[in-house]
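Student: To be precise about what I am sending: the file is called start-v2.cif and holds mmCIF, C-alpha atoms and all ligand atoms.
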data_target
loop_
_atom_site.label_atom_id
_atom_site.label_comp_id
_atom_site.auth_asym_id
_atom_site.auth_seq_id
_atom_site.Cartn_x
_atom_site.Cartn_y
_atom_site.Cartn_z
CA MET A 25 125.15 116.11 219.15
CA LYS A 26 124.65 119.19 221.27
CA LYS A 27 127.89 120.59 219.93
CA LEU A 28 126.80 119.95 216.35
CA LEU A 29 123.48 121.62 217.03
CA THR A 30 125.24 124.68 218.46
CA VAL A 31 127.48 124.86 215.40
CA LEU A 32 124.48 124.50 213.10
CA LEU A 33 122.58 127.19 214.99
CA LEU A 34 125.57 129.48 214.85
CA PHE A 35 125.92 128.88 211.12
CA ALA A 36 122.21 129.47 210.56
CA SER A 37 122.34 132.72 212.50
CA ILE A 38 125.34 133.93 210.45
CA VAL A 39 123.47 133.12 207.25
CA LEU A 40 120.41 134.88 208.62
CA VAL A 41 122.43 137.97 209.53
CA LEU A 42 124.05 138.09 206.08
CA ALA A 43 120.82 137.30 204.24
CA HIS A 44 118.87 139.95 206.07
CA VAL A 45 119.45 142.73 203.55
CA LYS A 46 116.62 142.63 201.06
CA ASN A 47 116.49 146.17 199.73
CA VAL A 48 119.27 148.71 199.33
CA ILE A 49 118.90 152.47 198.95
CA TYR A 50 122.23 153.99 197.96
CA PHE A 51 122.42 157.78 198.37
CA ILE A 52 125.29 159.67 196.77
CA GLY A 53 125.70 163.37 197.54
CA ASP A 54 127.84 164.61 194.68
CA GLY A 55 130.75 166.65 196.00
CA MET A 56 129.46 166.34 199.58
CA GLY A 57 132.31 166.38 202.08
CA PHE A 58 132.05 166.26 205.88
CA ASN A 59 131.89 170.06 206.06
CA HIS A 60 129.06 170.37 203.54
CA VAL A 61 126.98 168.16 205.81
CA TYR A 62 128.15 169.90 208.95
CA LEU A 63 127.58 173.40 207.54
CA ALA A 64 124.02 172.56 206.46
CA SER A 65 123.36 171.14 209.92
CA ILE A 66 124.73 174.28 211.61
CA LEU A 67 122.66 176.57 209.38
CA GLU A 68 119.53 174.47 209.95
CA GLY A 69 120.20 174.43 213.68
CA ARG A 70 119.48 170.70 213.88
CA PRO A 71 121.06 167.36 213.12
CA LEU A 72 120.33 166.24 209.57
CA ASN A 73 118.55 162.93 208.96
CA MET A 74 121.72 161.40 207.58
CA MET A 75 123.60 162.20 210.81
CA LYS A 76 121.28 160.10 212.99
CA THR A 77 123.31 156.90 212.99
CA GLN A 78 126.25 155.52 214.91
CA TYR A 79 127.47 153.69 211.80
CA VAL A 80 129.72 156.27 210.18
CA GLY A 81 132.56 155.60 207.80
CA ILE A 82 135.38 157.65 206.30
CA VAL A 83 135.84 156.99 202.60
CA ARG A 84 138.95 157.65 200.53
CA THR A 85 138.15 158.67 196.99
CA PHE A 86 141.31 158.79 194.85
CA SER A 87 141.06 157.47 191.31
CA ALA A 88 143.44 155.22 189.38
CA ASN A 89 145.43 158.16 188.03
CA THR A 90 145.10 161.00 190.53
CA TRP A 91 144.59 161.73 194.21
CA VAL A 92 141.74 164.04 193.17
CA THR A 93 139.03 162.06 191.47
CA ASP A 94 136.32 163.30 189.13
CA SER A 95 132.74 162.07 189.26
CA ALA A 96 133.22 159.53 186.47
CA ALA A 97 136.05 157.60 188.15
CA ALA A 98 134.44 158.00 191.57
CA GLY A 99 131.05 156.88 190.25
CA THR A 100 132.68 153.84 188.68
CA ALA A 101 134.32 152.96 192.01
CA LEU A 102 131.05 153.41 193.92
CA ALA A 103 129.06 151.46 191.32
CA SER A 104 131.40 148.65 190.31
CA GLY A 105 134.07 148.36 192.99
CA PHE A 106 136.94 149.22 190.63
CA LYS A 107 139.18 152.25 190.40
CA THR A 108 139.54 153.82 186.99
CA LYS A 109 141.01 156.95 185.44
CA ASN A 110 139.25 160.30 185.66
CA GLY A 111 136.75 160.73 182.84
CA MET A 112 136.10 157.00 182.34
CA ILE A 113 132.78 155.35 183.13
CA GLY A 114 132.19 151.66 183.89
CA MET A 115 135.60 150.61 182.60
CA LEU A 116 138.98 149.67 183.98
CA PRO A 117 141.87 152.01 183.05
CA ASN A 118 142.69 149.66 180.14
CA GLY A 119 139.21 150.08 178.67
CA GLU A 120 137.86 146.73 179.83
CA PRO A 121 134.18 147.19 180.80
CA VAL A 122 133.14 146.24 184.33
CA PRO A 123 129.53 145.74 185.38
CA SER A 124 127.99 147.89 188.08
CA ILE A 125 126.26 146.47 191.12
CA ALA A 126 122.98 147.67 189.57
CA GLU A 127 123.61 145.63 186.41
CA VAL A 128 124.65 142.56 188.39
CA LEU A 129 121.57 142.75 190.61
CA LYS A 130 119.32 143.33 187.60
CA SER A 131 120.73 140.18 185.98
CA TYR A 132 119.55 138.25 189.06
CA GLY A 133 116.05 139.75 188.78
CA VAL A 134 116.40 142.44 191.44
CA LYS A 135 114.46 145.60 190.58
CA VAL A 136 116.66 148.63 189.99
CA GLY A 137 115.93 152.35 190.22
CA ILE A 138 118.01 155.47 189.57
CA VAL A 139 116.83 158.90 190.71
CA VAL A 140 118.87 162.09 190.24
CA THR A 141 118.48 165.86 189.85
CA CYS A 142 120.99 166.18 186.99
CA ARG A 143 120.90 164.81 183.45
CA ILE A 144 120.44 161.06 183.85
CA THR A 145 123.39 160.73 181.45
CA HIS A 146 125.70 162.67 183.80
CA ALA A 147 128.70 160.91 185.33
CA THR A 148 127.35 159.57 188.63
CA PRO A 149 124.12 157.96 187.35
CA ALA A 150 125.93 156.84 184.17
CA ALA A 151 128.39 154.81 186.24
CA PHE A 152 125.50 152.54 187.24
CA TYR A 153 124.54 151.55 183.67
CA GLY A 154 127.13 152.96 181.27
CA HIS A 155 130.46 151.85 179.81
CA VAL A 156 132.27 154.59 177.89
CA PRO A 157 135.87 155.83 177.86
CA ASP A 158 134.73 159.46 178.10
CA ARG A 159 131.97 160.82 180.34
CA ASP A 160 131.00 163.38 177.68
CA MET A 161 129.60 160.61 175.46
CA GLU A 162 126.14 161.31 176.83
CA ASN A 163 124.27 160.35 173.66
CA GLU A 164 125.83 156.87 173.80
CA LEU A 165 125.07 156.72 177.52
CA ALA A 166 121.40 157.49 176.83
CA GLU A 167 121.28 154.44 174.53
CA GLN A 168 123.00 152.29 177.12
CA LEU A 169 120.50 153.45 179.74
CA ILE A 170 117.50 152.32 177.69
CA LYS A 171 119.17 148.95 177.15
CA SER A 172 119.81 148.59 180.92
CA ASP A 173 116.16 147.67 181.42
CA PHE A 174 116.24 149.39 184.84
CA ASP A 175 112.78 149.66 186.35
CA VAL A 176 112.63 153.25 187.56
CA ILE A 177 114.63 156.05 185.93
CA MET A 178 114.07 159.66 187.01
CA GLY A 179 116.04 162.83 186.38
CA GLY A 180 116.79 165.28 183.59
CA GLY A 181 118.51 165.07 180.20
CA LEU A 182 115.64 164.71 177.74
CA ARG A 183 117.81 166.37 175.06
CA HIS A 184 119.89 163.19 174.70
CA PHE A 185 116.84 161.01 174.00
CA ILE A 186 115.22 162.87 171.11
CA PRO A 187 116.28 162.82 167.41
CA ALA A 188 118.65 165.51 166.13
CA SER A 189 115.93 167.04 163.95
CA VAL A 190 113.70 167.75 166.96
CA LYS A 191 114.22 171.18 168.51
CA GLY A 192 116.34 171.08 171.65
CA SER A 193 118.02 167.78 170.83
CA SER A 194 121.71 167.23 171.63
CA ARG A 195 121.90 164.10 169.47
CA LYS A 196 123.82 163.90 166.23
CA ASP A 197 121.61 161.16 164.77
CA GLU A 198 117.93 160.52 164.20
CA LYS A 199 117.59 157.87 166.91
CA ASP A 200 114.39 158.30 168.89
CA LEU A 201 115.23 156.80 172.25
CA LEU A 202 111.84 157.68 173.72
CA ALA A 203 110.17 155.50 171.07
CA LEU A 204 112.70 152.77 171.80
CA ALA A 205 111.97 153.04 175.53
CA LYS A 206 108.23 152.71 174.82
CA GLU A 207 108.88 149.59 172.76
CA ARG A 208 110.80 148.21 175.70
CA GLY A 209 107.83 148.72 177.99
CA TYR A 210 108.59 152.04 179.63
CA THR A 211 105.94 154.58 180.54
CA LEU A 212 107.31 158.03 179.69
CA VAL A 213 106.85 160.93 182.07
CA THR A 214 108.01 164.54 181.67
CA LYS A 215 105.91 166.34 184.29
CA LYS A 216 105.56 166.05 188.03
CA SER A 217 101.76 166.00 187.72
CA GLU A 218 101.98 162.84 185.59
CA LEU A 219 103.83 160.94 188.32
CA ALA A 220 100.71 160.39 190.41
CA GLN A 221 99.06 158.42 187.62
CA ILE A 222 101.92 155.92 187.43
CA THR A 223 101.20 153.05 189.77
CA SER A 224 103.11 150.15 188.23
CA GLY A 225 105.50 149.11 185.48
CA LYS A 226 108.79 150.52 184.25
CA VAL A 227 109.10 154.30 184.22
CA LEU A 228 111.38 156.65 182.32
CA ALA A 229 110.83 160.13 183.79
CA LEU A 230 112.80 163.01 182.29
CA PHE A 231 111.70 166.29 183.81
CA ALA A 232 114.10 168.68 182.06
CA SER A 233 115.96 169.07 178.80
CA SER A 234 119.20 169.25 180.78
CA HIS A 235 119.51 169.33 184.58
CA LEU A 236 116.60 170.01 186.90
CA ALA A 237 116.54 173.52 188.39
CA PRO A 238 118.54 174.03 191.60
CA ALA A 239 116.63 172.91 194.71
CA SER A 240 116.00 176.46 195.93
CA GLU A 241 114.53 177.52 192.57
CA ARG A 242 112.66 174.40 191.49
CA THR A 243 108.96 174.97 190.93
CA GLY A 244 106.10 173.83 188.72
CA GLU A 245 106.39 170.53 186.93
CA GLN A 246 109.86 169.59 188.17
CA PRO A 247 109.62 167.43 191.29
CA MET A 248 111.82 167.69 194.36
CA LEU A 249 114.17 164.80 195.03
CA TYR A 250 112.09 163.53 197.95
CA GLU A 251 109.00 163.37 195.74
CA MET A 252 110.86 161.29 193.17
CA VAL A 253 112.21 159.01 195.90
CA GLN A 254 108.70 158.56 197.32
CA LYS A 255 107.40 157.47 193.92
CA ALA A 256 110.41 155.30 193.17
CA LEU A 257 110.05 153.45 196.48
CA GLU A 258 106.33 152.95 195.87
CA LEU A 259 106.98 151.43 192.44
CA LEU A 260 110.02 149.36 193.37
CA SER A 261 108.52 147.88 196.55
CA LYS A 262 105.09 147.23 195.10
CA ASP A 263 105.39 143.48 194.55
CA GLY A 264 107.43 142.86 197.69
CA GLU A 265 110.48 141.64 195.76
CA PRO A 266 114.00 142.96 196.52
CA PHE A 267 115.14 146.20 194.94
CA PHE A 268 118.19 148.44 194.61
CA LEU A 269 117.69 152.20 194.36
CA MET A 270 120.47 154.73 193.73
CA VAL A 271 119.64 158.35 194.56
CA GLU A 272 121.98 161.23 193.78
CA GLY A 273 121.92 164.72 195.24
CA SER A 274 123.55 165.86 192.04
CA GLN A 275 123.86 169.58 192.50
CA ILE A 276 125.65 169.85 195.85
CA ASP A 277 128.78 169.53 193.73
CA TRP A 278 127.98 172.40 191.40
CA GLU A 279 127.18 174.83 194.19
CA ALA A 280 130.46 173.85 195.83
CA HIS A 281 132.32 174.38 192.53
CA GLY A 282 130.91 177.92 192.63
CA ASN A 283 131.90 178.28 196.31
CA ASP A 284 128.25 179.19 196.94
CA PRO A 285 127.30 178.70 200.61
CA TYR A 286 123.56 179.22 200.14
CA GLY A 287 123.51 176.82 197.20
CA VAL A 288 125.37 174.12 199.14
CA TRP A 289 123.08 174.58 202.14
CA LYS A 290 119.87 174.20 200.13
CA GLU A 291 121.12 171.28 198.03
CA VAL A 292 122.28 169.32 201.09
CA VAL A 293 118.92 169.95 202.75
CA GLU A 294 117.02 168.76 199.68
CA PHE A 295 119.18 165.63 199.58
CA ASP A 296 118.63 165.05 203.29
CA LYS A 297 114.87 165.39 202.95
CA ALA A 298 114.94 162.53 200.43
CA ILE A 299 116.99 160.50 202.93
CA GLY A 300 114.20 161.17 205.45
CA VAL A 301 111.70 159.57 203.08
CA ALA A 302 113.94 156.50 202.77
CA LEU A 303 114.33 156.26 206.55
CA GLU A 304 110.52 156.31 206.92
CA PHE A 305 110.28 153.53 204.33
CA ALA A 306 112.91 151.52 206.23
CA LYS A 307 110.89 151.82 209.46
CA LYS A 308 108.11 149.84 207.78
CA ASN A 309 110.55 147.65 205.83
CA PRO A 310 113.33 146.88 208.30
CA ASP A 311 115.17 144.61 205.86
CA THR A 312 116.27 147.77 204.00
CA LEU A 313 119.91 148.89 204.11
CA ILE A 314 120.45 152.61 203.53
CA ILE A 315 123.88 153.91 202.60
CA VAL A 316 124.56 157.64 202.34
CA THR A 317 127.92 158.71 200.98
CA SER A 318 129.62 160.95 198.45
CA ASP A 319 131.84 160.58 195.42
CA HIS A 320 134.39 163.25 196.43
CA GLU A 321 134.71 166.55 198.23
CA THR A 322 134.25 169.73 196.19
CA GLY A 323 135.60 173.18 197.00
CA GLY A 324 137.80 172.41 200.01
CA LEU A 325 135.07 173.82 202.22
CA SER A 326 136.26 174.89 205.64
CA THR A 327 134.37 176.26 208.62
CA SER A 328 136.70 179.19 209.20
CA THR A 329 139.19 181.43 207.50
CA GLY A 330 140.68 182.50 210.81
CA THR A 331 140.19 184.45 214.07
CA TYR A 332 138.51 181.44 215.72
CA MET A 333 135.21 182.46 214.20
CA LEU A 334 132.53 181.42 211.75
CA GLU A 335 129.83 184.03 211.20
CA VAL A 336 126.87 181.68 211.22
CA GLU A 337 124.25 184.42 211.61
CA LYS A 338 125.59 186.14 208.50
CA LEU A 339 125.34 182.91 206.51
CA ARG A 340 121.77 182.39 207.70
CA LYS A 341 120.80 185.74 206.19
CA PHE A 342 121.82 184.70 202.68
CA LYS A 343 118.75 184.36 200.49
CA ALA A 344 119.79 183.24 197.01
CA ASN A 345 122.15 181.14 194.93
CA THR A 346 124.92 183.29 193.46
CA ASP A 347 123.99 182.18 189.92
CA TRP A 348 120.39 183.23 190.48
CA PHE A 349 121.53 186.56 191.90
CA LEU A 350 124.02 187.35 189.11
CA ALA A 351 121.43 186.51 186.47
CA ARG A 352 119.15 189.18 187.92
CA TYR A 353 121.61 191.82 189.08
CA ASN A 354 123.94 193.11 186.40
CA ILE A 355 127.27 194.08 187.93
CA ASP A 356 127.56 196.92 185.40
CA GLU A 357 124.64 198.71 187.07
CA LYS A 358 126.49 199.63 190.24
CA GLN A 359 123.79 201.11 192.49
CA LYS A 360 121.29 198.40 191.72
CA PHE A 361 123.92 195.71 192.17
CA LEU A 362 125.04 197.05 195.56
CA ALA A 363 121.42 197.28 196.71
CA GLY A 364 120.89 193.67 195.60
CA VAL A 365 123.96 192.45 197.50
CA LYS A 366 122.56 194.19 200.58
CA GLU A 367 119.09 192.70 200.07
CA TYR A 368 120.08 189.10 199.31
CA TYR A 369 123.27 188.76 201.36
CA ASP A 370 122.99 191.53 203.95
CA ILE A 371 126.45 192.71 202.90
CA GLU A 372 127.49 196.37 202.54
CA MET A 373 129.84 196.06 199.61
CA THR A 374 132.56 198.73 199.57
CA ASP A 375 133.55 200.66 196.43
CA GLU A 376 136.90 198.90 196.44
CA GLU A 377 135.32 195.44 196.66
CA TYR A 378 132.93 196.38 193.88
CA GLU A 379 135.78 197.55 191.63
CA GLN A 380 137.69 194.32 192.26
CA LEU A 381 134.70 192.22 191.30
CA LEU A 382 133.96 194.35 188.25
CA ASN A 383 137.54 193.91 187.16
CA ILE A 384 137.17 190.14 187.39
CA LYS A 385 134.19 190.37 185.05
CA LYS A 386 136.17 192.56 182.60
CA THR A 387 139.13 190.18 182.51
CA ALA A 388 137.13 186.94 182.77
CA LYS A 389 138.35 184.00 180.70
CA THR A 390 135.31 181.83 181.39
CA ALA A 391 131.67 182.38 182.34
CA TYR A 392 132.48 180.93 185.77
CA ASP A 393 135.05 183.55 186.78
CA LEU A 394 132.58 186.13 188.06
CA PRO A 395 130.17 183.74 189.88
CA ASN A 396 133.14 181.93 191.42
CA ALA A 397 134.68 185.18 192.65
CA PHE A 398 131.30 186.37 193.94
CA GLY A 399 130.76 183.08 195.82
CA ARG A 400 134.22 183.36 197.35
CA TYR A 401 133.51 187.01 198.27
CA ILE A 402 130.23 186.45 200.11
CA SER A 403 131.74 183.41 201.85
CA SER A 404 134.69 185.47 203.05
CA LYS A 405 132.30 187.93 204.70
CA ALA A 406 131.11 185.08 206.94
CA LEU A 407 134.67 183.71 207.39
CA LEU A 408 133.70 180.57 205.46
CA GLY A 409 136.70 179.17 203.61
CA TRP A 410 137.25 177.40 200.29
CA THR A 411 140.52 176.20 198.83
CA THR A 412 139.50 175.54 195.22
CA PHE A 413 136.77 175.81 192.60
CA ASP A 414 137.45 172.15 191.75
CA HIS A 415 137.43 168.90 193.72
CA THR A 416 139.80 167.96 196.52
CA GLY A 417 141.26 164.63 197.57
CA ASP A 418 139.64 164.85 201.02
CA PRO A 419 137.97 161.73 202.39
CA VAL A 420 134.17 161.85 202.44
CA PRO A 421 131.62 160.64 204.98
CA LEU A 422 129.48 157.52 204.86
CA PHE A 423 126.37 157.07 206.98
CA ALA A 424 124.74 153.63 207.15
CA PHE A 425 121.35 152.55 208.47
CA GLY A 426 119.66 149.20 208.86
CA PRO A 427 120.84 145.60 208.55
CA GLY A 428 124.54 145.32 207.77
CA ALA A 429 125.22 148.99 208.61
CA GLU A 430 128.02 147.92 210.93
CA HIS A 431 130.02 146.75 207.88
CA PHE A 432 130.43 150.34 206.68
CA THR A 433 132.36 151.92 209.56
CA GLY A 434 135.96 153.03 209.96
CA TRP A 435 138.29 153.84 207.11
CA LEU A 436 136.92 152.56 203.81
CA ASP A 437 137.88 152.74 200.18
CA ASN A 438 135.16 153.81 197.75
CA THR A 439 135.57 150.46 195.96
CA ASP A 440 134.66 148.59 199.18
CA ILE A 441 131.14 149.96 199.21
CA PRO A 442 129.45 148.18 196.26
CA ARG A 443 131.37 144.98 197.05
CA THR A 444 130.05 144.96 200.61
CA ILE A 445 126.51 145.84 199.52
CA ALA A 446 126.52 142.96 197.01
CA ARG A 447 127.87 140.53 199.61
CA LEU A 448 125.21 141.55 202.13
CA MET A 449 122.46 141.16 199.54
CA GLY A 450 123.82 137.72 198.73
CA TYR A 451 124.97 138.38 195.17
CA PRO A 452 128.55 138.24 193.86
CA LEU A 453 130.31 141.13 192.16
CA THR A 454 132.72 138.71 190.53
CA TYR A 455 133.64 140.08 187.14
CA PRO A 456 136.51 140.23 186.37
CA ILE A 457 137.48 137.45 188.76
CA GLN A 458 137.74 139.35 192.04
CA LYS A 459 141.00 141.17 191.41
CA GLU A 460 142.36 143.27 194.20
CA PRO A 461 141.09 146.82 193.87
CA ILE A 462 143.40 148.60 191.47
CA ILE A 463 145.61 150.79 193.59
CA THR A 464 148.15 151.91 191.05
CA GLY A 465 148.52 155.45 189.84
CA PRO A 466 148.91 157.88 192.69
CA VAL A 467 148.69 155.27 195.40
CA LEU A 468 151.64 155.30 197.76
CA TYR A 469 150.46 152.95 200.47
ZN ZN A 501 131.04 164.32 191.58
#
Could the structure of this file be written out as structure tokens, please?

Tutor:
Amino acid sequence: MKKLLTVLLLFASIVLVLAHVKNVIYFIGDGMGFNHVYLASILEGRPLNMMKTQYVGIVRTFSANTWVTDSAAAGTALASGFKTKNGMIGMLPNGEPVPSIAEVLKSYGVKVGIVVTCRITHATPAAFYGHVPDRDMENELAEQLIKSDFDVIMGGGLRHFIPASVKGSSRKDEKDLLALAKERGYTLVTKKSELAQITSGKVLALFASSHLAPASERTGEQPMLYEMVQKALELLSKDGEPFFLMVEGSQIDWEAHGNDPYGVWKEVVEFDKAIGVALEFAKKNPDTLIIVTSDHETGGLSTSTGTYMLEVEKLRKFKANTDWFLARYNIDEKQKFLAGVKEYYDIEMTDEEYEQLLNIKKTAKTAYDLPNAFGRYISSKALLGWTTFDHTGDPVPLFAFGPGAEHFTGWLDNTDIPRTIARLMGYPLTYPIQKEPIITGPVLY
């Protein structure tokens, strides 16, 4: 009898441990590798919020067809637990749709929120509600989003929701998705000042025609990520029922594509501030699991180019995103340009360096050539290294907080993450019948 009781108690405690995760907040820093986090922490001179846990994982990110994933395949892995080919969203490589954890949870009545700083139809958020063979099908994704019935939707991308005849639309048809959303019970919001008035119900908040402004330049009626997260948590937790919230720091990736140290720094800090809001929420709601991870590394960021040095003080003097700077300082006006480089980056650009950069502009094949070269140039002055203007196959960090955090340590595959979250919340991610993660394509082990 005593033995039976012990077994029963043990069983009950296991169930209790597994059933303890009520809410999940899933943070994805797009393009955020270990060094993006570390660099921001160095420049801030403090540990970031996300670093304050012992539960740290290392996540491999390859897709079904290449060692270097894009955001669509990576988003699909992080959302559904299945590898797919680059470019595909919410589908297996053969085109078979797979549901995301958000869709599965929604079908069980769990409230779902998605909060991003890019177009809400961009690859990472789309992987949580969309099923298309090509990530560029953003008009279709907008329709799929409205049909998802998710409770809180915040980001940019208004242009995909308005009919083609309305100025600024990117649609090719006359569908009015905002009207459709209203019919489906959504309150529409397009300004930060309107957020305060929303206290309940489903919300579709689109604060920009395309992406929100970069963190360091965002003003006026576009909210910061932490403000959106605050509101999302208020709405999702209102009735005390379980919820799942995905938050993306969308623009870390783009700054890293441009090899822009200041941009990466400010985007990581904005992302981390939103994580701080979630950690405060979790203090009062200890049955909340917080996962912070990334879809892939961007840029091949490295903390030195040689000589056993990183010029941290030089980096700290940078004052603007390279895109912002190049939009205001025309490289053709030499004296003004050189003065600007001195003012915003504390760099004395030589005549030779100037000529090299000017030549890149003259021979540019894309609009990115000059900003990329300029980002690489200012980085080199601080001995900060980059290997590419694209993604790399580097593993990315995972930081976990709260109940179940211990399940997210060690070497992980990106497909493990949603599967483990679903298991801890007590819901199955069973479609298609729990196949092994697809590890074909580039996979050699
Ligand atoms: Zn990405």

Student: Would you mind telling me which residue in A:Tyr332, A:Phe305, A:Tyr286, A:Tyr79 lies nearest to Lys255 of chain A when using only C-alpha atoms?

Tutor: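 Smallest distance to Lys255 of chain A is found for A:Phe305.
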
Student: Would you kindly return, as number ranges by chain, each protein, DNA or RNA residue with an atom no farther than 8 Å from any atom of Gly180 of chain A, considering only C-alpha atoms and excluding same-chain residues fewer than 4 positions away?

Tutor: A: 140-144, 229-236

Student: At most 12 Å is the cut-off: for each residue in chain A with any atom that close to an atom of ligand ZN 501 (chain A), write down the nearest atom pair and the distance in Å rounded to one decimal, counting all atoms listed in the file, chain first then increasing number, as CSV.

Tutor:
residue,atom,partner,partner_atom,distance
A:Ile52,CA,A:ZN501,ZN,9.0
A:Gly53,CA,A:ZN501,ZN,8.1
A:Asp54,CA,A:ZN501,ZN,4.5
A:Gly55,CA,A:ZN501,ZN,5.0
A:Met56,CA,A:ZN501,ZN,8.4
A:Gly57,CA,A:ZN501,ZN,10.8
A:Thr85,CA,A:ZN501,ZN,10.6
A:Val92,CA,A:ZN501,ZN,10.8
A:Thr93,CA,A:ZN501,ZN,8.3
A:Asp94,CA,A:ZN501,ZN,5.9
A:Ser95,CA,A:ZN501,ZN,3.7
A:Ala96,CA,A:ZN501,ZN,7.3
A:Ala97,CA,A:ZN501,ZN,9.1
A:Ala98,CA,A:ZN501,ZN,7.2
A:Gly99,CA,A:ZN501,ZN,7.6
A:Thr100,CA,A:ZN501,ZN,11.0
A:Ala101,CA,A:ZN501,ZN,11.8
A:Leu102,CA,A:ZN501,ZN,11.2
A:Asn110,CA,A:ZN501,ZN,10.9
A:Gly111,CA,A:ZN501,ZN,11.0
A:Cys142,CA,A:ZN501,ZN,11.2
A:His146,CA,A:ZN501,ZN,9.6
A:Ala147,CA,A:ZN501,ZN,7.5
A:Thr148,CA,A:ZN501,ZN,6.7
A:Pro149,CA,A:ZN501,ZN,10.3
A:Ala150,CA,A:ZN501,ZN,11.7
A:Ala151,CA,A:ZN501,ZN,11.2
A:Arg159,CA,A:ZN501,ZN,11.8
A:Glu272,CA,A:ZN501,ZN,9.8
A:Gly273,CA,A:ZN501,ZN,9.8
A:Ser274,CA,A:ZN501,ZN,7.7
A:Gln275,CA,A:ZN501,ZN,8.9
A:Ile276,CA,A:ZN501,ZN,8.8
A:Asp277,CA,A:ZN501,ZN,6.1
A:Trp278,CA,A:ZN501,ZN,8.6
A:Glu279,CA,A:ZN501,ZN,11.5
A:Ala280,CA,A:ZN501,ZN,10.5
A:His281,CA,A:ZN501,ZN,10.2
A:Thr317,CA,A:ZN501,ZN,11.4
A:Ser318,CA,A:ZN501,ZN,7.8
A:Asp319,CA,A:ZN501,ZN,5.4
A:His320,CA,A:ZN501,ZN,6.0
A:Glu321,CA,A:ZN501,ZN,7.9
A:Thr322,CA,A:ZN501,ZN,7.8
A:Gly323,CA,A:ZN501,ZN,11.3
A:Asp414,CA,A:ZN501,ZN,10.1
A:His415,CA,A:ZN501,ZN,8.1
A:Thr416,CA,A:ZN501,ZN,10.7
A:Gly417,CA,A:ZN501,ZN,11.9
A:Val420,CA,A:ZN501,ZN,11.6

Student: Which residue is closest to Gly428 of chain A? Choose from A:Lys405, A:Lys338, A:Arg447, A:Arg208 and count all atoms listed in the file.

Tutor: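 Answer, going by the shortest atom-to-atom distance: A:Arg447.
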
Student: Kindly indicate which residue among A:Glu430, A:Gly282, A:Ala363, A:Val336 lies nearest to Phe398 of chain A, using only C-alpha atoms for the distances.

Tutor: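 Nearest to Phe398 of chain A: A:Gly282.
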
Student: For Asp418 of chain A, which residue out of A:Gly324, A:Gly133, A:Gly181, A:Gly450 is the nearest one, using only C-alpha atoms?

Tutor: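 Using only C-alpha atoms, the shortest distance to Asp418 of chain A belongs to A:Gly324.
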
Student: Give as a count of residues only the set of residues within 12 Å of the point (111.3, 162.0, 175.5), where distances use the file's coordinates and all atoms listed in the file.

Tutor: 37

Student: Quick one: everything within 6 Å of Leu407 of chain A, counting only C-alpha atoms, minus sequence neighbours fewer than 2 positions away in the same chain. Send it as a VMD selection string.

Tutor: chain A and resid 328 to 329 334 404 to 405

Student: Which residues, protein or nucleic acid, reach to within 8 Å of (120.9, 155.9, 196.3) in the file's coordinates when using only C-alpha atoms, and can you give that as a PDB file with C-alpha atoms, keeping the file's coordinate frame?

Tutor:
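Generated output (selection_12.pdb):
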ATOM      1  CA  VAL A  48     119.270 148.710 199.330  1.00  0.00           C
ATOM      2  CA  ILE A  49     118.900 152.470 198.950  1.00  0.00           C
ATOM      3  CA  TYR A  50     122.230 153.990 197.960  1.00  0.00           C
ATOM      4  CA  PHE A  51     122.420 157.780 198.370  1.00  0.00           C
ATOM      5  CA  ILE A  52     125.290 159.670 196.770  1.00  0.00           C
ATOM      6  CA  ILE A 138     118.010 155.470 189.570  1.00  0.00           C
ATOM      7  CA  VAL A 139     116.830 158.900 190.710  1.00  0.00           C
ATOM      8  CA  LEU A 269     117.690 152.200 194.360  1.00  0.00           C
ATOM      9  CA  MET A 270     120.470 154.730 193.730  1.00  0.00           C
ATOM     10  CA  VAL A 271     119.640 158.350 194.560  1.00  0.00           C
ATOM     11  CA  GLU A 272     121.980 161.230 193.780  1.00  0.00           C
ATOM     12  CA  ILE A 314     120.450 152.610 203.530  1.00  0.00           C
ATOM     13  CA  ILE A 315     123.880 153.910 202.600  1.00  0.00           C
ATOM     14  CA  VAL A 316     124.560 157.640 202.340  1.00  0.00           C
TER      15      VAL A 316
END

Student: In Å, with one decimal, what is the gap from atom CA of Val253 of chain A to atom CA of Glu164 of chain A?

Tutor: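 Value for the atom CA of Val253 of chain A-atom CA of Glu164 of chain A distance: 26.0 Å.
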